[in-house]
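Student: My structure file target.cif, mmCIF, C-alpha atoms, is below:
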```
data_data
#
loop_
_atom_site.label_atom_id
_atom_site.label_comp_id
_atom_site.auth_asym_id
_atom_site.auth_seq_id
_atom_site.Cartn_x
_atom_site.Cartn_y
_atom_site.Cartn_z
CA MET A 5 -40.79 -56.37 28.83
CA THR A 6 -40.78 -59.21 26.36
CA GLN A 7 -43.55 -57.62 24.27
CA SER A 8 -41.94 -54.13 24.10
CA GLU A 9 -38.59 -55.34 22.76
CA PRO A 10 -39.97 -56.65 19.43
CA ASP A 11 -41.90 -53.38 19.01
CA GLU A 12 -38.73 -51.33 19.38
CA THR A 13 -36.90 -53.58 16.90
CA GLU A 14 -39.67 -53.21 14.34
CA THR A 15 -39.59 -49.40 14.79
CA ARG A 16 -35.84 -49.26 14.18
CA ASP A 17 -36.18 -51.45 11.09
CA ALA A 18 -38.94 -49.19 9.75
CA ASN A 19 -36.81 -46.08 10.32
CA GLY A 20 -33.88 -47.70 8.56
CA GLU A 21 -36.02 -48.58 5.55
CA ASN A 22 -37.36 -45.01 5.38
CA THR A 23 -33.82 -43.62 5.48
CA ARG A 24 -32.69 -45.94 2.68
CA GLU A 25 -35.72 -45.04 0.58
CA SER A 26 -35.07 -41.28 1.02
CA ALA A 27 -31.41 -41.74 0.10
CA LYS A 28 -32.43 -43.71 -2.99
CA GLN A 29 -34.86 -40.98 -4.00
CA GLU A 30 -32.15 -38.33 -3.65
CA SER A 31 -29.77 -40.38 -5.77
CA ASP A 32 -32.48 -40.83 -8.43
CA VAL A 33 -33.01 -37.06 -8.52
CA ALA A 34 -29.26 -36.51 -8.92
CA VAL A 35 -29.16 -39.04 -11.76
CA ALA A 36 -32.04 -37.28 -13.50
CA GLU A 37 -30.32 -33.90 -13.27
CA ILE A 38 -27.05 -35.25 -14.66
CA GLN A 39 -28.86 -37.05 -17.50
CA SER A 40 -30.78 -33.90 -18.40
CA ARG A 41 -27.57 -31.87 -18.65
CA ASP A 42 -25.33 -34.50 -20.16
CA SER A 43 -25.97 -35.83 -23.65
CA SER A 44 -24.33 -39.16 -22.85
CA PRO A 45 -26.71 -41.22 -20.69
CA ILE A 46 -25.48 -42.95 -17.57
CA LYS A 47 -24.86 -46.62 -17.91
CA GLU A 48 -27.69 -48.79 -16.74
CA GLY A 49 -27.14 -50.66 -13.53
CA VAL A 50 -24.52 -48.18 -12.24
CA ASP A 51 -25.47 -46.35 -9.07
CA PRO A 52 -24.23 -42.67 -9.07
CA VAL A 53 -23.15 -43.18 -5.48
CA ASP A 54 -20.67 -45.81 -6.68
CA ARG A 55 -19.22 -43.59 -9.41
CA PRO A 56 -15.80 -41.96 -8.86
CA VAL A 57 -15.81 -38.50 -7.36
CA GLU A 58 -13.44 -37.20 -10.07
CA GLU A 59 -15.93 -38.12 -12.77
CA LEU A 60 -18.77 -36.32 -11.03
CA VAL A 61 -16.60 -33.20 -10.50
CA GLU A 62 -15.60 -33.14 -14.17
CA GLU A 63 -19.25 -33.28 -15.22
CA GLU A 64 -20.09 -30.39 -12.90
CA LEU A 65 -17.23 -28.29 -14.26
CA GLU A 66 -18.21 -28.96 -17.86
CA HIS A 67 -21.67 -27.49 -17.33
CA GLN A 68 -20.53 -24.43 -15.39
CA GLU A 69 -20.54 -21.12 -17.23
CA PRO A 70 -17.10 -19.57 -17.69
CA ALA A 71 -16.28 -16.61 -15.49
CA GLU A 72 -16.22 -13.18 -17.11
CA LEU A 73 -12.71 -11.83 -17.49
CA VAL A 74 -12.14 -8.18 -16.70
CA PRO A 75 -10.09 -6.36 -19.37
CA SER A 76 -6.60 -5.39 -18.31
CA ASP A 77 -7.22 -1.71 -18.99
CA GLN A 78 -10.08 -1.72 -16.45
CA LEU A 79 -8.06 -3.25 -13.64
CA VAL A 80 -7.32 -0.67 -10.95
CA TYR A 81 -4.69 -1.15 -8.28
CA LYS A 82 -6.26 -0.67 -4.87
CA PRO A 83 -3.52 -0.21 -2.29
CA ASN A 84 -3.96 -1.43 1.25
CA LEU A 85 -4.54 1.13 3.95
CA PRO A 86 -2.22 1.34 6.97
CA ARG A 87 -3.31 -0.85 9.87
CA PHE A 88 -1.99 -2.06 13.20
CA HIS A 89 -0.79 -5.66 13.47
CA LYS A 90 -1.00 -7.95 16.45
CA PRO A 91 2.50 -9.10 17.51
CA LYS A 92 3.29 -12.76 18.05
CA ILE A 93 6.13 -15.02 19.09
CA CYS A 94 8.22 -15.39 15.96
CA LEU A 95 10.79 -17.93 17.13
CA TRP A 96 11.78 -20.25 14.23
CA GLU A 97 9.29 -18.47 11.96
CA HIS A 98 11.69 -17.60 9.16
CA LEU A 99 14.92 -19.25 10.34
CA THR A 100 14.88 -22.86 11.46
CA LEU A 101 17.51 -24.29 13.78
CA PRO A 102 19.57 -25.94 10.99
CA GLN A 103 19.47 -22.73 8.95
CA ALA A 104 20.58 -20.62 11.94
CA GLU A 105 23.45 -23.03 12.64
CA ARG A 106 24.46 -22.92 8.99
CA LEU A 107 24.55 -19.12 9.01
CA GLN A 108 26.55 -19.09 12.23
CA ARG A 109 29.17 -21.40 10.65
CA ALA A 110 29.71 -19.13 7.62
CA GLU A 111 33.42 -18.37 7.40
CA ASN A 112 33.29 -15.15 5.36
CA PRO A 113 30.72 -12.54 4.22
CA GLU A 114 30.56 -14.01 0.69
CA GLN A 115 29.54 -17.41 2.03
CA LEU A 116 26.98 -15.82 4.33
CA ARG A 117 25.40 -13.86 1.46
CA SER A 118 25.27 -16.94 -0.77
CA ASN A 119 23.62 -18.97 1.99
CA LEU A 120 20.97 -16.29 2.56
CA ALA A 121 20.30 -15.95 -1.18
CA GLU A 122 19.88 -19.72 -1.45
CA MET A 123 17.58 -20.00 1.58
CA PHE A 124 15.20 -17.20 0.55
CA ASN A 125 15.43 -17.50 -3.28
CA LEU A 126 16.91 -14.04 -3.80
CA ASN A 127 18.18 -13.31 -7.31
CA GLU A 128 20.05 -10.45 -8.96
CA GLU A 129 17.01 -8.19 -9.16
CA PRO A 130 17.52 -4.81 -7.41
CA ARG A 131 14.72 -5.40 -4.92
CA SER A 132 16.09 -8.85 -4.10
CA GLN A 133 19.54 -7.42 -3.60
CA ILE A 134 18.21 -4.76 -1.21
CA THR A 135 16.38 -7.46 0.75
CA LEU A 136 19.54 -9.56 0.77
CA ASP A 137 21.52 -6.64 2.22
CA LEU A 138 18.90 -6.24 4.95
CA TYR A 139 19.12 -9.92 5.87
CA PHE A 140 22.91 -9.97 5.64
CA TYR A 141 23.51 -7.06 8.00
CA THR A 142 20.92 -8.42 10.43
CA ILE A 143 22.83 -11.72 10.72
CA GLN A 144 26.10 -9.83 11.00
CA PHE A 145 24.66 -7.82 13.91
CA CYS A 146 23.53 -11.01 15.67
CA ARG A 147 26.95 -12.60 15.23
CA ARG A 148 28.68 -9.48 16.50
CA GLU A 149 26.51 -9.45 19.63
CA LEU A 150 27.16 -13.21 20.17
CA PHE A 151 23.44 -14.07 20.07
CA THR A 152 22.33 -17.67 20.34
CA ASN A 153 20.52 -19.47 17.54
CA GLU A 154 17.16 -18.79 19.21
CA GLN A 155 17.93 -15.08 19.64
CA THR A 156 19.20 -14.83 16.06
CA SER A 157 16.02 -16.43 14.71
CA ALA A 158 13.81 -14.10 16.78
CA VAL A 159 15.64 -10.90 15.73
CA PHE A 160 15.69 -11.98 12.09
CA SER A 161 11.96 -12.75 12.07
CA MET A 162 11.10 -9.46 13.77
CA ILE A 163 12.95 -7.46 11.12
CA VAL A 164 11.41 -9.53 8.31
CA ASN A 165 7.91 -8.92 9.70
CA VAL A 166 8.55 -5.19 10.10
CA HIS A 167 9.75 -5.10 6.49
CA LYS A 168 6.54 -6.84 5.37
CA VAL A 169 4.46 -4.28 7.27
CA ASN A 170 6.36 -1.52 5.50
CA ALA A 171 5.91 -3.04 2.04
CA GLU A 172 2.22 -3.91 2.37
CA THR A 173 1.02 -0.36 1.61
CA PRO A 174 2.43 2.63 -0.29
CA TYR A 175 1.02 4.99 2.34
CA THR A 176 2.98 6.17 5.35
CA ASN A 177 2.66 3.66 8.21
CA VAL A 178 5.82 4.21 10.23
CA THR A 179 3.77 4.56 13.42
CA GLN A 180 2.08 1.19 12.90
CA ALA A 181 5.37 -0.49 12.01
CA PHE A 182 7.27 0.90 14.99
CA THR A 183 4.45 -0.01 17.38
CA TYR A 184 4.48 -3.56 15.99
CA PHE A 185 8.26 -3.76 16.43
CA LYS A 186 8.18 -2.57 20.06
CA GLU A 187 5.44 -4.99 21.03
CA SER A 188 7.19 -7.87 19.23
CA LEU A 189 10.40 -7.08 21.07
CA LEU A 190 8.58 -7.12 24.40
CA ASN A 191 7.04 -10.50 23.52
CA HIS A 192 10.56 -11.93 23.50
CA GLY A 193 11.83 -10.17 26.62
CA VAL A 194 9.23 -11.04 29.27
CA LYS A 195 8.63 -14.52 30.67
CA ARG A 196 4.87 -14.93 30.47
CA PRO A 197 4.04 -18.13 28.59
CA PRO A 198 2.24 -18.77 26.34
CA TYR A 199 1.98 -15.07 25.45
CA SER A 200 5.67 -14.17 25.59
CA LEU A 201 9.11 -15.68 26.05
CA GLN A 202 12.20 -14.35 27.77
CA LEU A 203 14.88 -14.73 25.12
CA PHE A 204 16.63 -11.38 25.69
CA THR A 205 17.89 -9.51 28.71
CA PRO A 206 16.92 -5.85 29.19
CA LEU A 207 20.37 -4.79 27.94
CA GLN A 208 20.00 -6.94 24.82
CA ILE A 209 16.53 -5.52 24.17
CA GLN A 210 17.98 -2.02 24.32
CA THR A 211 20.77 -3.03 21.91
CA VAL A 212 18.34 -4.55 19.39
CA ALA A 213 16.01 -1.54 19.58
CA GLN A 214 18.92 0.86 19.04
CA TYR A 215 20.21 -1.13 16.05
CA VAL A 216 16.82 -1.38 14.29
CA THR A 217 16.09 2.31 14.92
CA ASP A 218 19.47 3.46 13.57
CA THR A 219 19.40 1.20 10.50
CA TYR A 220 15.93 0.25 9.29
CA PHE A 221 13.70 3.01 10.61
CA ARG A 222 16.25 5.67 9.69
CA HIS A 223 15.83 4.61 6.04
CA TYR A 224 12.17 3.60 6.35
CA LYS A 225 10.93 5.82 3.51
CA LEU A 226 13.66 4.58 1.18
CA TYR A 227 12.59 0.98 1.74
CA LYS A 228 8.97 1.97 1.13
CA TYR A 229 9.87 3.82 -2.07
CA VAL A 230 11.68 0.78 -3.46
CA MET A 231 9.36 -1.99 -2.27
CA THR A 232 5.93 -0.49 -2.97
CA PRO A 233 4.34 0.47 -6.31
CA LYS A 234 3.96 4.10 -7.24
CA VAL A 235 0.41 5.40 -6.83
CA ARG A 236 -0.75 8.03 -9.32
CA LEU A 237 -3.88 10.08 -8.80
CA ASP A 238 -5.80 11.06 -11.93
CA VAL A 239 -8.03 14.08 -11.32
CA GLU A 240 -10.91 14.97 -13.65
CA PHE A 241 -12.58 18.38 -13.53
CA SER A 242 -16.12 19.21 -14.60
CA TYR A 243 -17.11 22.83 -15.13
CA PRO A 244 -20.72 23.97 -14.64
CA GLY A 245 -22.27 25.42 -17.78
CA LEU A 246 -19.90 23.59 -20.13
CA PRO A 247 -20.76 20.32 -21.91
CA VAL A 248 -18.76 17.25 -21.02
CA GLY A 249 -15.59 16.92 -23.09
CA SER A 250 -15.50 20.57 -24.20
CA VAL A 251 -12.42 21.41 -22.10
CA PRO A 252 -9.27 19.98 -23.73
CA ASP A 253 -7.07 17.72 -21.63
CA THR A 254 -3.89 19.48 -22.79
CA PRO A 255 -3.31 23.14 -23.62
CA LEU A 256 -3.55 24.10 -27.27
CA THR A 257 -0.38 26.15 -27.12
CA GLY A 258 2.72 26.14 -24.96
CA THR A 259 5.23 23.49 -23.97
CA PRO A 260 4.19 19.81 -24.01
CA LEU A 261 3.34 18.11 -20.72
CA ARG A 262 5.91 15.37 -21.27
CA ASP A 263 9.50 15.59 -22.40
CA ASP A 264 9.21 12.68 -24.80
CA VAL A 265 6.33 14.23 -26.79
CA ILE A 266 7.54 15.23 -30.26
CA SER A 267 6.22 18.57 -31.52
CA GLU A 268 4.23 18.48 -34.72
CA PRO A 269 4.91 20.71 -37.75
CA GLU A 270 3.58 24.24 -37.66
CA VAL A 271 1.24 23.58 -40.55
CA GLU A 272 -0.56 20.86 -38.60
CA GLU A 273 -0.81 23.14 -35.53
CA GLU A 274 -2.45 25.87 -37.63
CA SER A 275 -4.93 23.41 -39.08
CA ARG A 276 -5.70 22.06 -35.60
CA ASP A 277 -6.31 25.62 -34.34
CA THR A 278 -8.66 26.33 -37.22
CA VAL A 279 -10.59 23.14 -36.47
CA ALA A 280 -10.81 23.89 -32.74
CA ALA A 281 -12.00 27.48 -33.27
CA PRO A 282 -15.59 26.62 -34.35
CA GLU A 283 -15.92 24.34 -31.32
CA VAL A 284 -15.01 27.19 -28.95
CA GLU A 285 -17.44 29.54 -30.73
CA GLN A 286 -20.16 26.91 -30.48
CA VAL A 287 -19.57 26.57 -26.73
CA GLU A 288 -19.78 30.36 -26.30
CA GLU A 289 -23.06 30.43 -28.24
CA GLU A 290 -24.56 27.77 -25.98
CA LEU A 291 -23.84 29.85 -22.85
CA ASP A 292 -26.42 32.30 -21.55
CA PRO A 293 -25.26 35.89 -22.33
CA GLU A 294 -26.90 37.31 -19.21
CA ALA A 295 -25.22 34.68 -17.03
CA VAL A 296 -21.86 35.49 -18.59
CA LYS A 297 -22.34 39.22 -17.94
CA ALA A 298 -23.38 38.58 -14.33
CA LEU A 299 -20.35 36.34 -13.83
CA LYS A 300 -18.00 38.95 -15.28
CA LYS A 301 -19.54 41.61 -13.05
CA VAL A 302 -19.08 39.50 -9.94
CA LEU A 303 -15.51 38.70 -10.88
CA SER A 304 -14.64 42.32 -11.58
CA GLU A 305 -16.17 43.52 -8.32
CA THR A 306 -14.37 40.82 -6.33
CA ILE A 307 -11.02 41.46 -7.99
CA SER A 308 -11.34 45.24 -7.64
CA GLY A 309 -12.21 44.91 -3.96
CA GLN A 310 -9.23 42.66 -3.35
CA ILE A 311 -6.95 45.09 -5.22
CA ASP A 312 -8.18 47.99 -3.06
CA GLU A 313 -7.57 45.99 0.11
CA LEU A 314 -4.09 45.10 -1.11
CA LYS A 315 -3.33 48.77 -1.85
CA ASP A 316 -4.48 49.83 1.62
CA PHE A 317 -2.38 47.11 3.19
CA VAL A 318 0.73 48.16 1.26
CA ASP A 319 0.16 51.86 2.14
CA ASP A 320 -0.16 51.00 5.84
CA LYS A 321 3.04 49.00 5.72
CA ILE A 322 4.91 51.83 3.99
CA ASN A 323 3.63 54.38 6.53
CA ALA A 324 4.58 52.12 9.43
CA LEU A 325 8.09 51.70 8.05
CA SER A 326 8.52 55.37 7.15
CA LEU A 327 7.57 56.78 10.59
CA PRO A 328 10.76 55.62 12.40
CA LEU A 329 12.84 56.73 9.42
CA ASN A 330 11.25 60.19 9.39
CA ALA A 331 11.84 60.52 13.12
CA LYS A 332 15.51 59.67 12.70
CA LEU A 333 15.82 62.15 9.83
CA SER A 334 14.25 64.93 11.90
CA VAL A 335 16.63 64.26 14.79
CA ALA A 336 19.58 64.31 12.43
CA GLU A 337 18.44 67.57 10.83
CA ALA A 338 18.00 69.19 14.28
CA ALA A 339 21.48 68.09 15.30
CA ILE A 340 22.99 69.51 12.11
CA ALA A 341 21.14 72.79 12.58
CA SER A 342 22.35 73.14 16.18
CA ASN A 343 25.96 72.59 15.17
CA LYS A 344 25.94 75.33 12.51
CA PRO A 345 27.91 78.55 13.53
CA GLY A 346 26.09 81.93 13.79
CA LYS A 347 26.27 84.68 11.18
CA GLY A 348 28.66 86.91 13.21
CA ALA A 349 30.97 84.13 14.29
CA LYS A 350 34.48 84.15 13.02
CA LYS A 351 35.80 81.25 11.10
#
```
What would the structure in this file look like if it were written as structure tokens?

Tutor:
Amino acid sequence: MTQSEPDETETRDANGENTRESAKQESDVAVAEIQSRDSSPIKEGVDPVDRPVEELVEEELEHQEPAELVPSDQLVYKPNLPRFHKPKICLWEHLTLPQAERLQRAENPEQLRSNLAEMFNLNEEPRSQITLDLYFYTIQFCRRELFTNEQTSAVFSMIVNVHKVNAETPYTNVTQAFTYFKESLLNHGVKRPPYSLQLFTPLQIQTVAQYVTDTYFRHYKLYKYVMTPKVRLDVEFSYPGLPVGSVPDTPLTGTPLRDDVISEPEVEEESRDTVAAPEVEQVEEELDPEAVKALKKVLSETISGQIDELKDFVDDKINALSLPLNAKLSVAEAAIASNKPGKGAKK
């Protein structure tokens, strides 16, 4: 036992020296890399391990290549798709206990609105004012129903979360939002910790559900229209047989596509027509004459067949409608003929 203990000590000392030597080698490699990239050499006698971290970070940032900026005209808004959200316990999520007590102590509607605007940084912008109205009437509902501070915070947070679900996508997601609201309401009406809390009675749950359905979900599309950006779809058509860019984006004649487009003088329109005419003739020359004739033949046969079918359909409809009318006319004529007096009858 006495001989093995010194051997173990010597082994540990050897391992420690190897570790220190490997660490020193790594630091030397780091120093060489920094010196190769930086024109200013590192001071002699200064270990890079002892240098401040901020200085090393600044040197790394100086030698990084700047990120490529995407031009603003190439940025495309990609809206989020509708998705289902997992409900959670939202007690004190948006309203803390002091804030709820402050709102409950508001003496008039003006003071309540000012407190809400101050708490959530709502300004005079139209969207902020709409959000302020939503918050204001939610607190008014809780005060009217004599909810506690905990119940007021839970109802307020549920409506705020439903509003966020509505505003996260311009697409219709009323099903996802209403499912999230129902599950959130159940999470605060059933005692099953830590998954749910019993803050509301069944009657109060019914009251909250009726209020949110009659107010927020009744105007769900209006909130979405105001709170989400407008998505415009640009469609581009390509026609087989025509070169790219040969079809004009706007019609050469007729009313402008926008109301704010100012019409040009007639002289400029005539010159533009004369310039566009050779382009159209050039496109027609590039097309295959036989292909054009075959296409015209197919179109004429298709259109003529459809016109014949339409004529037959109209004739059948007219005959079907005229049969009952002819029957009634024949009955009326027979009745009139039977009521006429004979030739030898006296008047």

Student: Neighbourhood query: residues within 12 Å of (2.3, -20.7, 22.2), file coordinates, counting all atoms listed in the file; return as a PyMOL selection string.

Tutor: chain A and resi 92-95+191+196-201

Student: Can you tell me how far atom CA of A:His223 sits from atom CA of A:Ala110, in Å to one decimal?

Tutor: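 Separation of atom CA of A:His223 and atom CA of A:Ala110: 27.5 Å.
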
Student: Quick one: residues within 12 Å of A:Lys225, all atoms listed in the file counted, chain neighbours fewer than 4 positions away excluded, as a PyMOL selection string?

Tutor: chain A and resi 167+170-171+173-178+181+219-221+229-232

Student: List the residues selected by the PyMOL selection byres ((chain A and resi 208) around 12) in the file shown, writing them as a ChimeraX atom specification.

Tutor: /A:145-146,149-152,155-156,159,189-190,192-193,202-207,209-215

Student: Pick out the residues sitting within 9 Å of stretch 119-134 of chain A, and hand them over as a count of residues only; count all atoms listed in the file, and ignore anything fewer than 4 positions along from it in its own chain.

Tutor: 12

Student: Quote the spacing between atom CA of A:Leu314 and atom CA of A:Ala331 in Å to one decimal place.

Tutor: 26.3 Å

Student: Distance atom CA of A:Pro233-atom CA of A:Val166, one decimal place?

Tutor: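 We find that atom CA of A:Pro233 and atom CA of A:Val166 lie 17.9 Å from each other.
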
Student: Write out as a ChimeraX atom specification which residues come within 8 Å of A:Pro91 when counting all atoms listed in the file, dropping same-chain ones fewer than 2 positions away.

Tutor: /A:89,93,184-185,187-188,191
